[in-house]
>>> print(open('run13.cif').read())   # mmCIF, C-alpha atoms and all ligand atoms
data_protein
#
loop_
_atom_site.label_atom_id
_atom_site.label_comp_id
_atom_site.auth_asym_id
_atom_site.auth_seq_id
_atom_site.Cartn_x
_atom_site.Cartn_y
_atom_site.Cartn_z
CA MET A 1 48.30 -29.44 25.55
CA SER A 2 50.45 -32.32 24.36
CA ALA A 3 49.89 -34.15 21.05
CA PRO A 4 46.54 -35.90 20.74
CA LEU A 5 46.53 -39.28 22.38
CA ARG A 6 46.37 -42.36 20.15
CA LEU A 7 43.75 -44.50 21.80
CA ARG A 8 45.12 -47.92 22.74
CA ARG A 9 42.60 -49.30 25.23
CA ALA A 10 42.06 -52.73 23.67
CA LEU A 11 44.73 -54.34 21.49
CA LEU A 12 43.22 -57.41 19.83
CA TYR A 13 45.44 -60.16 18.46
CA MET A 14 44.51 -62.64 15.84
CA PRO A 15 46.65 -65.26 14.11
CA GLY A 16 48.11 -63.71 10.97
CA ASP A 17 47.21 -66.75 8.92
CA SER A 18 43.49 -66.32 9.70
CA HIS A 19 42.03 -64.05 7.05
CA ARG A 20 38.62 -64.70 8.59
CA LYS A 21 39.64 -63.36 12.01
CA ILE A 22 41.38 -60.34 10.49
CA GLU A 23 38.20 -59.46 8.61
CA LYS A 24 36.13 -60.08 11.72
CA ALA A 25 38.37 -57.74 13.74
CA LEU A 26 37.50 -54.88 11.42
CA THR A 27 33.83 -55.12 12.44
CA LEU A 28 34.53 -54.86 16.16
CA ASN A 29 35.25 -51.14 16.73
CA VAL A 30 38.51 -52.04 18.45
CA ASP A 31 41.27 -49.47 19.05
CA CYS A 32 44.13 -51.68 17.83
CA VAL A 33 44.15 -54.70 15.53
CA CYS A 34 47.36 -56.70 15.93
CA MET A 35 47.94 -59.32 13.26
CA ASP A 36 50.23 -61.87 14.83
CA LEU A 37 53.14 -63.65 13.22
CA GLU A 38 54.54 -64.93 16.53
CA ASP A 39 53.05 -67.37 19.03
CA GLY A 40 49.55 -67.43 17.54
CA VAL A 41 50.95 -68.92 14.33
CA ALA A 42 52.24 -72.49 13.92
CA VAL A 43 55.80 -72.85 12.66
CA SER A 44 54.55 -74.49 9.47
CA GLN A 45 52.27 -71.46 8.79
CA LYS A 46 54.77 -68.60 9.25
CA ALA A 47 55.20 -67.97 5.52
CA ALA A 48 51.47 -68.19 4.81
CA ALA A 49 50.76 -65.78 7.68
CA ARG A 50 53.20 -63.19 6.30
CA ALA A 51 51.44 -63.30 2.92
CA THR A 52 47.97 -63.08 4.49
CA VAL A 53 48.94 -60.11 6.65
CA ARG A 54 50.57 -58.32 3.73
CA GLN A 55 47.45 -58.77 1.63
CA ALA A 56 45.15 -57.65 4.46
CA LEU A 57 47.21 -54.48 4.91
CA ALA A 58 46.94 -53.73 1.21
CA GLU A 59 43.30 -54.57 0.65
CA LEU A 60 41.22 -54.13 3.80
CA ASP A 61 39.83 -50.95 5.32
CA PHE A 62 40.76 -50.87 9.00
CA GLY A 63 38.60 -47.82 9.68
CA ARG A 64 39.57 -46.16 12.94
CA SER A 65 41.48 -49.22 14.20
CA GLU A 66 45.24 -48.98 14.39
CA LYS A 67 46.91 -51.48 12.04
CA LEU A 68 49.63 -53.40 13.87
CA VAL A 69 51.81 -56.38 12.98
CA ARG A 70 53.55 -58.49 15.61
CA LEU A 71 56.84 -59.96 14.42
CA ASN A 72 58.70 -62.92 15.82
CA GLY A 73 61.36 -61.92 18.33
CA VAL A 74 64.85 -60.78 17.37
CA GLY A 75 67.07 -63.87 17.36
CA THR A 76 64.40 -66.34 16.26
CA GLY A 77 65.65 -66.16 12.69
CA TRP A 78 62.17 -65.19 11.46
CA GLU A 79 62.08 -61.52 12.37
CA ALA A 80 63.78 -60.09 9.27
CA ALA A 81 61.56 -62.01 6.85
CA ASP A 82 58.46 -61.09 8.92
CA LEU A 83 59.26 -57.41 8.58
CA ALA A 84 60.40 -57.53 4.96
CA ALA A 85 57.23 -59.34 3.91
CA THR A 86 54.79 -56.99 5.66
CA ILE A 87 56.27 -53.48 5.96
CA GLY A 88 55.32 -52.60 2.37
CA GLY A 89 51.67 -52.79 3.47
CA ARG A 90 52.36 -49.74 5.64
CA PRO A 91 51.25 -50.87 9.10
CA GLN A 92 50.83 -47.99 11.55
CA GLY A 93 52.91 -49.82 14.11
CA VAL A 94 55.11 -52.85 14.64
CA VAL A 95 54.96 -54.92 17.84
CA LEU A 96 58.22 -56.59 18.85
CA PRO A 97 57.87 -59.45 21.37
CA LYS A 98 60.38 -60.53 24.04
CA VAL A 99 62.42 -57.33 23.94
CA GLU A 100 65.35 -57.84 26.31
CA GLY A 101 67.47 -54.77 25.67
CA PRO A 102 67.94 -51.74 23.40
CA GLU A 103 69.72 -53.70 20.64
CA ALA A 104 66.58 -55.43 19.38
CA LEU A 105 64.77 -52.10 19.10
CA ALA A 106 67.78 -50.46 17.45
CA TRP A 107 67.70 -53.17 14.78
CA LEU A 108 63.97 -52.64 14.21
CA GLU A 109 64.32 -48.84 14.22
CA ALA A 110 66.96 -49.03 11.45
CA GLN A 111 64.85 -51.40 9.35
CA VAL A 112 61.68 -49.34 9.67
CA ALA A 113 63.50 -46.05 9.02
CA ALA A 114 65.05 -47.55 5.87
CA ALA A 115 61.63 -48.73 4.65
CA GLU A 116 60.11 -45.28 5.25
CA ALA A 117 62.93 -43.64 3.29
CA ALA A 118 62.71 -46.16 0.44
CA GLN A 119 58.93 -45.74 0.14
CA GLY A 120 58.94 -41.96 0.54
CA TRP A 121 56.77 -42.14 3.67
CA PRO A 122 57.17 -39.48 6.40
CA ALA A 123 60.12 -40.33 8.65
CA GLY A 124 59.18 -41.56 12.10
CA GLU A 125 55.51 -42.20 11.30
CA ILE A 126 55.45 -45.96 11.94
CA GLY A 127 55.36 -46.61 15.68
CA LEU A 128 57.09 -49.36 17.66
CA LEU A 129 55.54 -51.21 20.58
CA ALA A 130 57.89 -53.28 22.75
CA MET A 131 56.74 -56.34 24.65
CA ILE A 132 58.24 -56.83 28.08
CA GLU A 133 57.81 -60.48 28.98
CA THR A 134 61.16 -61.81 30.19
CA ALA A 135 63.25 -61.16 33.30
CA ARG A 136 65.91 -59.43 31.19
CA GLY A 137 63.28 -57.22 29.60
CA VAL A 138 62.17 -56.08 33.05
CA VAL A 139 65.64 -55.38 34.40
CA ASN A 140 66.61 -53.51 31.21
CA LEU A 141 63.48 -51.36 31.01
CA LYS A 142 65.30 -48.03 31.26
CA ALA A 143 67.63 -48.79 28.34
CA ILE A 144 64.71 -50.17 26.33
CA CYS A 145 62.69 -46.96 26.84
CA GLU A 146 65.70 -44.91 25.76
CA ALA A 147 66.43 -47.02 22.65
CA THR A 148 64.42 -45.00 20.12
CA PRO A 149 62.01 -42.05 20.01
CA ARG A 150 59.87 -44.18 17.72
CA LEU A 151 58.76 -46.22 20.74
CA ARG A 152 55.09 -45.60 21.58
CA ALA A 153 54.13 -48.22 24.14
CA LEU A 154 55.29 -51.02 26.42
CA ILE A 155 53.17 -54.18 26.39
CA PHE A 156 53.35 -56.51 29.37
CA GLY A 157 53.28 -60.27 28.73
CA ALA A 158 52.43 -62.20 31.89
CA GLU A 159 52.41 -65.78 30.63
CA ASP A 160 55.87 -65.58 29.07
CA LEU A 161 57.27 -63.72 32.07
CA ALA A 162 55.93 -66.31 34.52
CA SER A 163 57.49 -69.13 32.54
CA ASP A 164 60.78 -67.23 32.23
CA ILE A 165 61.12 -66.71 35.99
CA GLY A 166 59.68 -70.06 37.07
CA ALA A 167 56.56 -68.54 38.62
CA THR A 168 53.08 -70.02 38.62
CA ARG A 169 50.27 -67.80 37.35
CA THR A 170 47.50 -67.08 39.86
CA ALA A 171 44.25 -65.11 39.64
CA GLU A 172 45.57 -62.43 42.03
CA GLY A 173 48.79 -62.07 40.06
CA ALA A 174 51.22 -61.44 42.96
CA GLU A 175 53.88 -63.24 40.90
CA VAL A 176 53.71 -60.55 38.16
CA ALA A 177 53.01 -57.50 40.36
CA TYR A 178 56.61 -56.30 40.43
CA ALA A 179 57.01 -56.53 36.66
CA ARG A 180 53.66 -54.85 35.97
CA GLY A 181 54.56 -52.01 38.31
CA ALA A 182 57.95 -51.63 36.65
CA VAL A 183 56.33 -51.46 33.20
CA VAL A 184 53.82 -48.78 34.26
CA MET A 185 56.55 -46.77 36.01
CA HIS A 186 58.93 -46.79 33.05
CA ALA A 187 56.16 -46.02 30.58
CA ALA A 188 55.13 -42.99 32.64
CA ALA A 189 58.72 -41.82 33.06
CA TYR A 190 59.31 -41.90 29.29
CA GLY A 191 55.91 -40.67 28.06
CA LEU A 192 54.87 -44.07 26.70
CA GLN A 193 51.62 -45.98 26.96
CA ALA A 194 51.49 -49.15 29.05
CA ILE A 195 49.34 -52.04 27.85
CA ASP A 196 48.49 -54.75 30.35
CA MET A 197 48.51 -58.55 30.15
CA VAL A 198 46.03 -60.83 28.39
CA TYR A 199 43.13 -62.24 30.40
CA VAL A 200 43.25 -65.73 28.94
CA ASN A 201 39.90 -67.00 30.29
CA TYR A 202 37.92 -65.16 27.64
CA ALA A 203 34.56 -66.65 28.69
CA ASP A 204 34.85 -64.89 32.09
CA GLY A 205 33.69 -61.32 31.44
CA GLU A 206 33.38 -60.43 35.12
CA GLY A 207 36.92 -61.47 35.94
CA LEU A 208 38.14 -59.50 32.95
CA ALA A 209 36.22 -56.40 34.02
CA ARG A 210 37.76 -56.59 37.49
CA GLU A 211 41.29 -57.10 36.20
CA ALA A 212 40.91 -54.32 33.59
CA ALA A 213 39.55 -51.85 36.16
CA ALA A 214 42.43 -52.67 38.50
CA ALA A 215 44.92 -52.16 35.66
CA ALA A 216 43.40 -48.77 34.82
CA ARG A 217 43.79 -47.75 38.49
CA LEU A 218 47.46 -48.81 38.39
CA GLY A 219 48.06 -46.45 35.45
CA PHE A 220 47.89 -48.78 32.45
CA SER A 221 46.36 -47.19 29.35
CA GLY A 222 45.02 -50.42 27.88
CA LYS A 223 44.97 -54.19 27.83
CA GLN A 224 45.64 -56.91 25.30
CA ALA A 225 42.70 -58.97 24.07
CA ILE A 226 42.43 -62.35 22.35
CA HIS A 227 38.70 -62.67 21.71
CA PRO A 228 35.99 -60.33 20.38
CA LYS A 229 34.01 -60.70 23.63
CA GLN A 230 36.75 -58.90 25.55
CA ILE A 231 36.78 -55.67 23.57
CA GLU A 232 33.81 -53.76 24.96
CA VAL A 233 34.68 -54.70 28.53
CA ILE A 234 38.25 -53.50 28.12
CA GLN A 235 37.44 -50.32 26.21
CA ALA A 236 34.88 -49.36 28.85
CA ALA A 237 37.35 -49.96 31.68
CA PHE A 238 40.01 -47.69 30.16
CA ALA A 239 37.68 -44.87 29.12
CA PRO A 240 37.29 -42.37 31.96
CA ALA A 241 34.07 -42.95 33.94
CA PRO A 242 31.46 -40.13 33.86
CA GLU A 243 32.13 -39.34 37.55
CA ALA A 244 35.87 -39.05 36.90
CA MET A 245 35.22 -36.70 33.99
CA ALA A 246 32.81 -34.56 35.99
CA LYS A 247 35.35 -34.24 38.78
CA ALA A 248 38.17 -33.44 36.34
CA ARG A 249 36.07 -30.69 34.75
CA ARG A 250 35.37 -29.12 38.16
CA VAL A 251 39.05 -29.26 39.10
CA LEU A 252 40.07 -27.59 35.82
CA GLU A 253 37.42 -24.86 36.13
CA ALA A 254 38.43 -24.14 39.72
CA ALA A 255 42.12 -24.20 38.76
CA ALA A 256 41.57 -21.64 36.00
CA ALA A 257 39.78 -19.36 38.47
CA ALA A 258 42.53 -19.85 41.08
CA GLN A 259 45.27 -19.10 38.54
CA ALA A 260 43.45 -15.89 37.60
CA GLN A 261 43.62 -14.91 41.28
CA GLY A 262 47.29 -15.82 41.49
CA LEU A 263 46.73 -18.97 43.56
CA GLY A 264 48.72 -22.16 42.82
CA ALA A 265 47.10 -24.24 45.55
CA PHE A 266 43.48 -23.98 46.58
CA ALA A 267 40.72 -25.99 48.28
CA LEU A 268 37.93 -27.88 46.52
CA ASP A 269 35.47 -30.01 48.55
CA ASP A 270 37.77 -29.73 51.58
CA LYS A 271 40.72 -31.19 49.68
CA MET A 272 43.84 -29.45 48.48
CA VAL A 273 44.25 -29.03 44.75
CA ASP A 274 47.64 -28.13 43.30
CA ALA A 275 49.69 -28.88 40.18
CA PRO A 276 49.73 -32.74 40.30
CA VAL A 277 45.97 -32.88 40.86
CA ILE A 278 45.43 -30.48 37.96
CA LYS A 279 47.73 -32.53 35.74
CA ALA A 280 45.79 -35.70 36.61
CA ALA A 281 42.54 -33.93 35.69
CA GLU A 282 44.06 -32.89 32.36
CA THR A 283 45.07 -36.52 31.69
CA VAL A 284 41.51 -37.70 32.41
CA MET A 285 40.13 -35.16 29.92
CA ALA A 286 42.77 -36.02 27.28
CA ARG A 287 41.78 -39.69 27.54
CA ALA A 288 38.09 -38.76 27.33
CA ARG A 289 38.67 -36.67 24.21
CA ALA A 290 40.70 -39.47 22.61
CA ALA A 291 37.86 -41.90 23.42
CA GLY A 292 35.42 -39.53 21.70
CA ILE A 293 33.40 -38.93 24.87
CA ALA A 294 34.42 -35.32 25.53
CA ASP A 295 35.05 -32.21 23.40
N1 LIG A 301 40.10 -61.90 16.41
C1 LIG A 301 39.09 -61.82 15.51
N2 LIG A 301 38.04 -62.66 15.48
C2 LIG A 301 38.03 -63.64 16.41
C3 LIG A 301 39.06 -63.77 17.36
C4 LIG A 301 40.12 -62.86 17.34
N3 LIG A 301 41.13 -62.94 18.21
N4 LIG A 301 38.77 -64.84 18.15
C5 LIG A 301 37.62 -65.35 17.71
N5 LIG A 301 37.16 -64.63 16.66
C6 LIG A 301 35.92 -64.82 15.90
C7 LIG A 301 35.77 -66.26 15.41
O1 LIG A 301 36.33 -66.39 14.11
C8 LIG A 301 34.27 -66.41 15.40
O2 LIG A 301 33.73 -65.75 14.27
P1 LIG A 301 33.07 -66.58 13.08
O3 LIG A 301 32.07 -67.47 13.73
O4 LIG A 301 32.50 -65.54 12.20
O5 LIG A 301 34.21 -67.31 12.46
C9 LIG A 301 33.81 -65.60 16.58
O6 LIG A 301 34.84 -64.64 16.81
C10 LIG A 301 33.60 -66.42 17.84
O7 LIG A 301 34.79 -67.13 18.11
P2 LIG A 301 34.80 -68.44 19.03
O8 LIG A 301 34.15 -69.56 18.29
O9 LIG A 301 34.26 -68.08 20.36
O10 LIG A 301 36.35 -68.69 19.19
P3 LIG A 301 37.28 -69.69 18.32
O11 LIG A 301 37.09 -71.06 18.88
O12 LIG A 301 37.04 -69.47 16.87
O13 LIG A 301 38.72 -69.14 18.69
C11 LIG A 301 40.65 -68.69 19.94
C12 LIG A 301 39.21 -69.18 20.00
C13 LIG A 301 41.23 -68.56 21.33
C14 LIG A 301 41.49 -69.66 19.12
C15 LIG A 301 40.64 -67.31 19.23
O14 LIG A 301 39.88 -66.44 20.04
C16 LIG A 301 41.95 -66.73 18.87
O15 LIG A 301 42.51 -67.07 17.83
N6 LIG A 301 42.48 -65.76 19.66
C17 LIG A 301 43.69 -65.07 19.37
C18 LIG A 301 44.89 -65.99 19.55
C19 LIG A 301 46.19 -65.25 19.31
O16 LIG A 301 46.30 -64.44 18.41
N7 LIG A 301 47.18 -65.53 20.17
C20 LIG A 301 48.44 -64.87 20.11
C21 LIG A 301 48.46 -63.59 20.90
S1 LIG A 301 48.34 -63.85 22.65
MG MG A 302 54.33 -63.51 24.58
#
>>> encode(input="run13.cif", output="structure tokens")
Amino acid sequence: MSAPLRLRRALLYMPGDSHRKIEKALTLNVDCVCMDLEDGVAVSQKAAARATVRQALAELDFGRSEKLVRLNGVGTGWEAADLAATIGGRPQGVVLPKVEGPEALAWLEAQVAAAEAAQGWPAGEIGLLAMIETARGVVNLKAICEATPRLRALIFGAEDLASDIGATRTAEGAEVAYARGAVVMHAAAYGLQAIDMVYVNYADGEGLAREAAAAARLGFSGKQAIHPKQIEVIQAAFAPAPEAMAKARRVLEAAAAAQAQGLGAFALDDKMVDAPVIKAAETVMARARAAGIAD
């Protein structure tokens, strides 16, 4: 079995200058809490947001939620101060927006490694999550995935991508289908998680449920969220359904029996089962264990 999966079904943002929303996030049983210093924060509030995030990291109990900070992008002139002001609070991961190539991640890798060494923290513990939300980010995905072993996940940003390529966002999302597919494909090829776009209409729970279920079928491991209402819907969509778990268990039991008889391929319910089907069943069960719904 591979290393236990870090659950990243819902990744909730809140503006880093909102202490109230950070505190609220900790009551929501959400997999990832991402305190934003980027687009959710007004230019005039950047410094205040850094201080609020730093204090939250030091003083609040995040429980089972992963503590993440989103910096401003490399080249904005804010990124170094964002990191310097917050890394001492020991976030579990750093989200870098608008990653366009390996250089931005190499810069962040060096900064985070230096902070770990200076603080005496275990090397490589703090994860990096790269946002892919520009045309260059999409065409450079391979180099981005190869930039650093510290990379844990790719996060797809649909609104920024659409504006970068001159597309108009639609409900069906044909304009972002290529980029979403590329993100899932690269994440899978490099053993990373893939986290899908925000559903901005947060009052529409049904639309969100449909989009989240479709993303799970495409291979995404989670979805970004911007409002507390979205969390349960998203976390349910990315946890394996009971039927999927029951089927995975049957496949794994039958596979063990077949292996014992020296059979690599065998039939179950009139369908062929071989290595890729068994691997998919193992992935379902790993996700279920990470979600706390299977032993
Ligand atoms: N995280 C934590 N708590 C949140 C939240 C979030 N993202 N969004 C709303 N809440 C809280 C509100 O504070 C409120 O709680 P309270 O009454 O105890 O203060 C409750 O949930 C209901 O919120 P609601 O009144 O429906 O929304 P709002 O008008 O306060 O905020 C938004 C609406 C869109 C501004 C807000 O959801 C938000 O800030 N989202 C994240 C924006 C962001 O970070 N963008 C950048 C990344 S894409
Ligand atoms: Mg963005």
>>> residues_near_ligand(input="run13.cif", ligand="ligand LIG 301 (chain A)", cutoff="8 Å", atoms="all atoms listed in the file", output="CSV table (one decimal) with C-alpha atoms, in the frame of the given file")
chain,number,residue,atom,x,y,z
A,12,LEU,CA,43.2,-57.4,19.8
A,13,TYR,CA,45.4,-60.2,18.5
A,14,MET,CA,44.5,-62.6,15.8
A,15,PRO,CA,46.6,-65.3,14.1
A,16,GLY,CA,48.1,-63.7,11.0
A,20,ARG,CA,38.6,-64.7,8.6
A,21,LYS,CA,39.6,-63.4,12.0
A,22,ILE,CA,41.4,-60.3,10.5
A,23,GLU,CA,38.2,-59.5,8.6
A,24,LYS,CA,36.1,-60.1,11.7
A,25,ALA,CA,38.4,-57.7,13.7
A,35,MET,CA,47.9,-59.3,13.3
A,36,ASP,CA,50.2,-61.9,14.8
A,38,GLU,CA,54.5,-64.9,16.5
A,39,ASP,CA,53.0,-67.4,19.0
A,40,GLY,CA,49.6,-67.4,17.5
A,41,VAL,CA,51.0,-68.9,14.3
A,198,VAL,CA,46.0,-60.8,28.4
A,202,TYR,CA,37.9,-65.2,27.6
A,224,GLN,CA,45.6,-56.9,25.3
A,225,ALA,CA,42.7,-59.0,24.1
A,226,ILE,CA,42.4,-62.4,22.4
A,227,HIS,CA,38.7,-62.7,21.7
A,228,PRO,CA,36.0,-60.3,20.4
A,229,LYS,CA,34.0,-60.7,23.6
>>> closest_atom_pairs(input="run13.cif", of="chain A", to="ligand MG 302 (chain A)", cutoff="8 Å", atoms="only C-alpha atoms and all ligand atoms", output="Markdown table")
| residue | atom | partner | partner_atom | distance |
| --- | --- | --- | --- | --- |
| A:Asp39 | CA | A:MG302 | MG | 6.9 |
| A:Pro97 | CA | A:MG302 | MG | 6.3 |
| A:Lys98 | CA | A:MG302 | MG | 6.8 |
| A:Met131 | CA | A:MG302 | MG | 7.6 |
| A:Glu133 | CA | A:MG302 | MG | 6.4 |
| A:Gly157 | CA | A:MG302 | MG | 5.4 |
| A:Ala158 | CA | A:MG302 | MG | 7.7 |
| A:Glu159 | CA | A:MG302 | MG | 6.7 |
| A:Asp160 | CA | A:MG302 | MG | 5.2 |
>>> atom_distance(input="run13.cif", atom1="atom CA of Gly88 of chain A", atom2="atom CA of Thr148 of chain A")
21.3 Å
>>> residues_around(input="run13.cif", residues="Trp78 of chain A", least_positions_apart="5", cutoff="10 Å", atoms="all atoms listed in the file", output="list of chain:residue names")
A:Leu37, A:Glu38, A:Lys46, A:Ala47, A:Leu71, A:Asn72, A:Gly73, A:Leu83
>>> atom_distance(input="run13.cif", atom1="atom CA of Val33 of chain A", atom2="atom CA of Leu154 of chain A")
16.0 Å
>>> closest_residue(input="run13.cif", among="A:Arg9, A:Arg136, A:His19, A:Lys67", to="Ala49 of chain A", atoms="only C-alpha atoms")
A:His19
>>> closest_residue(input="run13.cif", among="A:Ala294, A:Val200, A:Thr86, A:Val53", to="Ala241 of chain A", atoms="all atoms listed in the file")
A:Ala294
>>> closest_atom_pairs(input="run13.cif", of="segment 111-167 of chain A", to="segment 173-185 of chain A", cutoff="10 Å", atoms="only C-alpha atoms", output="JSON lines")
{"residue": "A:Met131", "atom": "CA", "partner": "A:Val183", "partner_atom": "CA", "distance": 9.9}
{"residue": "A:Ile132", "atom": "CA", "partner": "A:Val183", "partner_atom": "CA", "distance": 7.7}
{"residue": "A:Glu133", "atom": "CA", "partner": "A:Ala179", "partner_atom": "CA", "distance": 8.7}
{"residue": "A:Thr134", "atom": "CA", "partner": "A:Ala179", "partner_atom": "CA", "distance": 9.3}
{"residue": "A:Ala135", "atom": "CA", "partner": "A:Ala179", "partner_atom": "CA", "distance": 8.5}
{"residue": "A:Gly137", "atom": "CA", "partner": "A:Ala179", "partner_atom": "CA", "distance": 9.5}
{"residue": "A:Val138", "atom": "CA", "partner": "A:Ala179", "partner_atom": "CA", "distance": 6.3}
{"residue": "A:Val139", "atom": "CA", "partner": "A:Ala182", "partner_atom": "CA", "distance": 8.8}
{"residue": "A:Leu141", "atom": "CA", "partner": "A:Val183", "partner_atom": "CA", "distance": 7.5}
{"residue": "A:Lys142", "atom": "CA", "partner": "A:Val183", "partner_atom": "CA", "distance": 9.8}
{"residue": "A:Ala153", "atom": "CA", "partner": "A:Val183", "partner_atom": "CA", "distance": 9.9}
{"residue": "A:Leu154", "atom": "CA", "partner": "A:Val183", "partner_atom": "CA", "distance": 6.9}
{"residue": "A:Ile155", "atom": "CA", "partner": "A:Val183", "partner_atom": "CA", "distance": 8.0}
{"residue": "A:Phe156", "atom": "CA", "partner": "A:Arg180", "partner_atom": "CA", "distance": 6.8}
{"residue": "A:Gly157", "atom": "CA", "partner": "A:Arg180", "partner_atom": "CA", "distance": 9.1}
{"residue": "A:Ala158", "atom": "CA", "partner": "A:Val176", "partner_atom": "CA", "distance": 6.6}
{"residue": "A:Glu159", "atom": "CA", "partner": "A:Val176", "partner_atom": "CA", "distance": 9.3}
{"residue": "A:Leu161", "atom": "CA", "partner": "A:Val176", "partner_atom": "CA", "distance": 7.7}
{"residue": "A:Ala162", "atom": "CA", "partner": "A:Val176", "partner_atom": "CA", "distance": 7.2}
{"residue": "A:Ile165", "atom": "CA", "partner": "A:Glu175", "partner_atom": "CA", "distance": 9.4}
{"residue": "A:Gly166", "atom": "CA", "partner": "A:Glu175", "partner_atom": "CA", "distance": 9.7}
{"residue": "A:Ala167", "atom": "CA", "partner": "A:Glu175", "partner_atom": "CA", "distance": 6.4}
>>> closest_atom_pairs(input="run13.cif", of="segment 179-230 of chain A", to="segment 113-130 of chain A", cutoff="10 Å", atoms="all atoms listed in the file", output="tab-separated table")
residue	atom	partner	partner_atom	distance
A:Leu192	CA	A:Leu129	CA	9.4
A:Gln193	CA	A:Leu129	CA	9.1
A:Ala194	CA	A:Leu129	CA	9.6
A:Ile195	CA	A:Leu129	CA	9.6
>>> write_last_selection(input="run13.cif", atoms="C-alpha atoms", output="PDB file, in the frame of the given file")
ATOM      1  CA  LEU A 192      54.870 -44.070  26.700  1.00  0.00           C
ATOM      2  CA  GLN A 193      51.620 -45.980  26.960  1.00  0.00           C
ATOM      3  CA  ALA A 194      51.490 -49.150  29.050  1.00  0.00           C
ATOM      4  CA  ILE A 195      49.340 -52.040  27.850  1.00  0.00           C
TER       5      ILE A 195
END
>>> atom_distance(input="run13.cif", atom1="atom CA of Arg70 of chain A", atom2="atom CA of Leu96 of chain A")
6.0 Å
>>> residues_near_point(input="run13.cif", point="(49.5, -30.8, 41.3)", cutoff="12 Å", atoms="only C-alpha atoms", output="MDAnalysis selection string")
chainID A and resid 251:252 255 264:266 272:282
>>> residues_around(input="run13.cif", residues="Met245 of chain A", least_positions_apart="2", cutoff="12 Å", atoms="only C-alpha atoms", output="list in words")
Ala239, Pro240, Ala241, Pro242, Glu243, Lys247, Ala248, Arg249, Arg250, Val251, Leu252, Ala280, Ala281, Glu282, Thr283, Val284, Met285, Ala286, Arg287, Ala288, Arg289, Ile293, Ala294 and Asp295 of chain A
>>> write_last_selection(input="run13.cif", atoms="C-alpha atoms", output="PDB file, in the frame of the given file")
ATOM      1  CA  ALA A 239      37.680 -44.870  29.120  1.00  0.00           C
ATOM      2  CA  PRO A 240      37.290 -42.370  31.960  1.00  0.00           C
ATOM      3  CA  ALA A 241      34.070 -42.950  33.940  1.00  0.00           C
ATOM      4  CA  PRO A 242      31.460 -40.130  33.860  1.00  0.00           C
ATOM      5  CA  GLU A 243      32.130 -39.340  37.550  1.00  0.00           C
ATOM      6  CA  LYS A 247      35.350 -34.240  38.780  1.00  0.00           C
ATOM      7  CA  ALA A 248      38.170 -33.440  36.340  1.00  0.00           C
ATOM      8  CA  ARG A 249      36.070 -30.690  34.750  1.00  0.00           C
ATOM      9  CA  ARG A 250      35.370 -29.120  38.160  1.00  0.00           C
ATOM     10  CA  VAL A 251      39.050 -29.260  39.100  1.00  0.00           C
ATOM     11  CA  LEU A 252      40.070 -27.590  35.820  1.00  0.00           C
ATOM     12  CA  ALA A 280      45.790 -35.700  36.610  1.00  0.00           C
ATOM     13  CA  ALA A 281      42.540 -33.930  35.690  1.00  0.00           C
ATOM     14  CA  GLU A 282      44.060 -32.890  32.360  1.00  0.00           C
ATOM     15  CA  THR A 283      45.070 -36.520  31.690  1.00  0.00           C
ATOM     16  CA  VAL A 284      41.510 -37.700  32.410  1.00  0.00           C
ATOM     17  CA  MET A 285      40.130 -35.160  29.920  1.00  0.00           C
ATOM     18  CA  ALA A 286      42.770 -36.020  27.280  1.00  0.00           C
ATOM     19  CA  ARG A 287      41.780 -39.690  27.540  1.00  0.00           C
ATOM     20  CA  ALA A 288      38.090 -38.760  27.330  1.00  0.00           C
ATOM     21  CA  ARG A 289      38.670 -36.670  24.210  1.00  0.00           C
ATOM     22  CA  ILE A 293      33.400 -38.930  24.870  1.00  0.00           C
ATOM     23  CA  ALA A 294      34.420 -35.320  25.530  1.00  0.00           C
ATOM     24  CA  ASP A 295      35.050 -32.210  23.400  1.00  0.00           C
TER      25      ASP A 295
END
>>> residues_around(input="run13.cif", residues="segment 214-220 of chain A", least_positions_apart="2", cutoff="7 Å", atoms="only C-alpha atoms", output="ChimeraX atom specification")
/A:184,194-196,210-212,222,237-238
>>> residues_around(input="run13.cif", residues="Thr52 of chain A", least_positions_apart="2", cutoff="8 Å", atoms="all atoms listed in the file", output="PyMOL selection string")
chain A and resi 16-19+48-50+54-56
>>> closest_residue(input="run13.cif", among="A:Cys145, A:Leu268, A:Leu5, A:Val112", to="Gly292 of chain A", atoms="all atoms listed in the file")
A:Leu5
>>> closest_residue(input="run13.cif", among="A:Asp164, A:Asp204, A:Glu109, A:Glu103", to="Ala143 of chain A", atoms="all atoms listed in the file")
A:Glu103
>>> axis_aligned_box(input="run13.cif", around="segment 84-99 of chain A", padding_each_side="5 Å", output="AutoDock Vina command-line options")
--center_x 56.6 --center_y -54.3 --center_z 13.2 --size_x 21.6 --size_y 22.5 --size_z 31.7
>>> closest_residue(input="run13.cif", among="A:Gly262, A:Gly93, A:Gly77, A:Pro102", to="Arg8 of chain A", atoms="only C-alpha atoms")
A:Gly93
>>> residues_around(input="run13.cif", residues="Cys32 of chain A", least_positions_apart="4", cutoff="6 Å", atoms="all atoms listed in the file", output="ChimeraX atom specification")
/A:11,65-66
